[in-house]
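Engineer: Quick one: structure below, then a few questions.
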Amino acid sequence: MQFTYRGLEAQLSRHVVTDEEVDRHLTRLLQQNPRITAVADRPTKLGDEVVLDYAGFCDGEKFEGGTAQKQTLVLGSGAFIPGFEEQLLDKVPGENVTVSVTFPEHYHAENLAGKEAQFLCYIHEIRIKEPYQLDDTFAKEVGGCDTLEEMQEKLKQSIQAYTDERGEMDLQDRLLRQAAATLDYTVDPEELEKAVQEQLKALEAQLAQQGLNLQMYCAFMKTTEEDLRKDAYPAAEAALRNFAAVDKIVELEKLQATESEIGEAIALIARQNKLTVEELQPYYNEEFEQSVIRSVLTTKVMQLIRDAAIITNC
């Protein structure tokens with residue numbers, strides 16, 4: 001079979017965002033963004049959000065981790081140690097309050113476990129959270145728009161742009177897989193095992209972010225680690241085939257990653273991780289650089305295949 005990556009055929013199906021989808025997004029935004037209003041005509045009560053400074057002392061000494069400025073706390077939420085929030089009830093902005101508590105016997109900081117402590121608190125503000133109405137005020141304060149109609153239109157455009165981008169990414173992925181399927185390629189067993197292991201490690205990292213582990217995941221999905229490993233082989237082999245196809249096209253087309261393109265890719269990685277390029281520098285080694293170069297070249301290859309493809313819109 002001849003390796004083919006030009007003149008491939010595929011369909012691009014564009015989903016047009018509906019008003020109903022926009023309304024669902026607006027409803028979620030309403031639920032996720034309550035209106036926070038300052039209260040100045042009464043003391044604190046359960047359910048209020050207070051803005052406060054505090055400094056914690058144990059045995060007359062300020063202890064590490066016990067100080068904060070402009071901290072927000074919902075009274076009654078149980079976010080702080082038992083007894084703390086109750087002592088902030090019936091207080092007013094501008095008031096200094098001494099809160100006396102006893103840390104739990106099994107507190108995570110062993111030097112404080114079971115000990116009495118005092119927190120010197122200063123209340124800056126009392127706030128209440130109330131739901132917005134779906135109106136121009138909501139549009140201005142949450143959407144940054146003058147009217148609800150303007151917010152709906154901007155939201156629709158944003159959702160449509162995201163949907164179009166996802167559709168384009170899916171198209172390019174399908175085209176690359178088509179090209180890779182024509183490549184004369186035999187997987188290296190060692191590379192395949194390594195790819196499977198990397199997939200499982202990536203899954204473990206995702207689970208860890210949710211407070212889970214592989215054993216818990218297997219129990220929930222009613223599977224085993226061995227079955228997970230077996231199921232990972234086809235995807236790992238497909239990924240290796242895609243990598244090989246990219247490498248072959250880079251060779252045939254004599255593609256290169258320019259310094260400018262590498263710099264742009266690094267800047268994007270920094271933004272995605274909420275870092276400056278300078279803050280990313282300690283992680284920049286040969287392996288990182290090669291990963292960035294591969295990313296740039298893969299993007300070029302996928303765009304080349306896309307530009308040379310015969311696309312039918314449907």
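Letters A, B, ... go to the chains of the structure tokens in the order shown; residues in each chain start at 1; ligands are counted from 1 in the same order.
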Using only C-alpha atoms, which residues sit within 7 Å of Ile262 of chain A once same-chain residues fewer than 4 positions away are excluded, as a VMD selection string?
Structural biologist: chain A and resid 257 to 258 266 292 to 293 296
Engineer: Between A:Ile128, A:Val97, A:Glu86, A:Glu110, which one has atoms that come closest to Arg35 of chain A, using only C-alpha atoms?
Structural biologist: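 Of A:Ile128, A:Val97, A:Glu86, A:Glu110, the one nearest Arg35 of chain A is A:Ile128, counting only C-alpha atoms.
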Engineer: In terms of the shortest atom-to-atom distance over only C-alpha atoms, which of A:Gln172, A:Glu237, A:Ala208, A:Tyr217 is closest to Lys194 of chain A?
Structural biologist: A:Glu237
Engineer: Quick one: of A:Glu253, A:Ala309, A:Thr4, A:Leu203, who's nearest to Cys218 of chain A, counting only C-alpha atoms?
Structural biologist: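 Using only C-alpha atoms, Cys218 of chain A sits closest to A:Leu203.
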Engineer: Of the candidates A:Gln210, A:Gln303, A:Asn273, A:Thr27, which shows the shortest atom-to-atom distance to Val246 of chain A, using only C-alpha atoms?
Structural biologist: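 Smallest distance to Val246 of chain A is found for A:Gln303.
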Engineer: Identify all residues of segment 115-158 of chain A in strand (DSSP E or B) (DSSP on the backbone) and supply them as a PyMOL selection string.
Structural biologist: chain A and resi 116-130
Engineer: Please run DSSP on the backbone and report, as a VMD selection string, all residues within segment 180-282 of chain A that come out as alpha helix (DSSP H).
Structural biologist: chain A and resid 180 to 181 189 to 209 214 to 221 225 to 253 259 to 272 277 to 280
Engineer: Residues within 10 Å of Glu168 of chain A, please, as a list of chain:residue names. Count only C-alpha atoms; anything in the same chain fewer than 3 positions from it doesn't count.
Structural biologist: A:Leu12, A:Ser13, A:Arg14, A:Tyr162, A:Thr163, A:Asp164, A:Glu165, A:Leu171, A:Gln172, A:Asp173, A:Arg174, A:Arg306
Engineer: Which residue, A:Leu207, A:Leu120, A:Ala245, A:Met1, has the smallest gap to Leu52 of chain A when you use only C-alpha atoms?
Structural biologist: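 Distance minimum relative to Leu52 of chain A lands on A:Leu120.
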Engineer: Could you please determine the separation between atom CA of Ile305 of chain A and atom CA of Arg241 of chain A in Å, to one decimal place?
Structural biologist: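 Atom-to-atom, atom CA of Ile305 of chain A to atom CA of Arg241 of chain A, that is 15.8 Å.
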Engineer: Counting only C-alpha atoms, figure out which residue out of A:Gln178, A:Gln2, A:Ser77, A:Asn111 gets nearest to Met302 of chain A.
Structural biologist: A:Gln178
Engineer: Rounded to one decimal place, report the atom CA of Val17 of chain A-atom CA of Pro131 of chain A distance in Å.
Structural biologist: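 Separation of atom CA of Val17 of chain A and atom CA of Pro131 of chain A: 26.4 Å.
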Engineer: Fewer than 3 positions away in the same chain doesn't count, so skip those; otherwise give me all residues within 7 Å of Gly47 of chain A, counting only C-alpha atoms, as a list in words.
Structural biologist: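 With the cut-off at 7 Å, the set is Val74, Leu75 and Gly76 of chain A.
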Engineer: Neighbours of Glu204 of chain A within 9 Å (only C-alpha atoms; same-chain residues fewer than 6 positions away dropped), as a list in words?
Structural biologist: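 Near Glu204 of chain A, the qualifying residues are Leu212, Asn213 and Leu214 of chain A.
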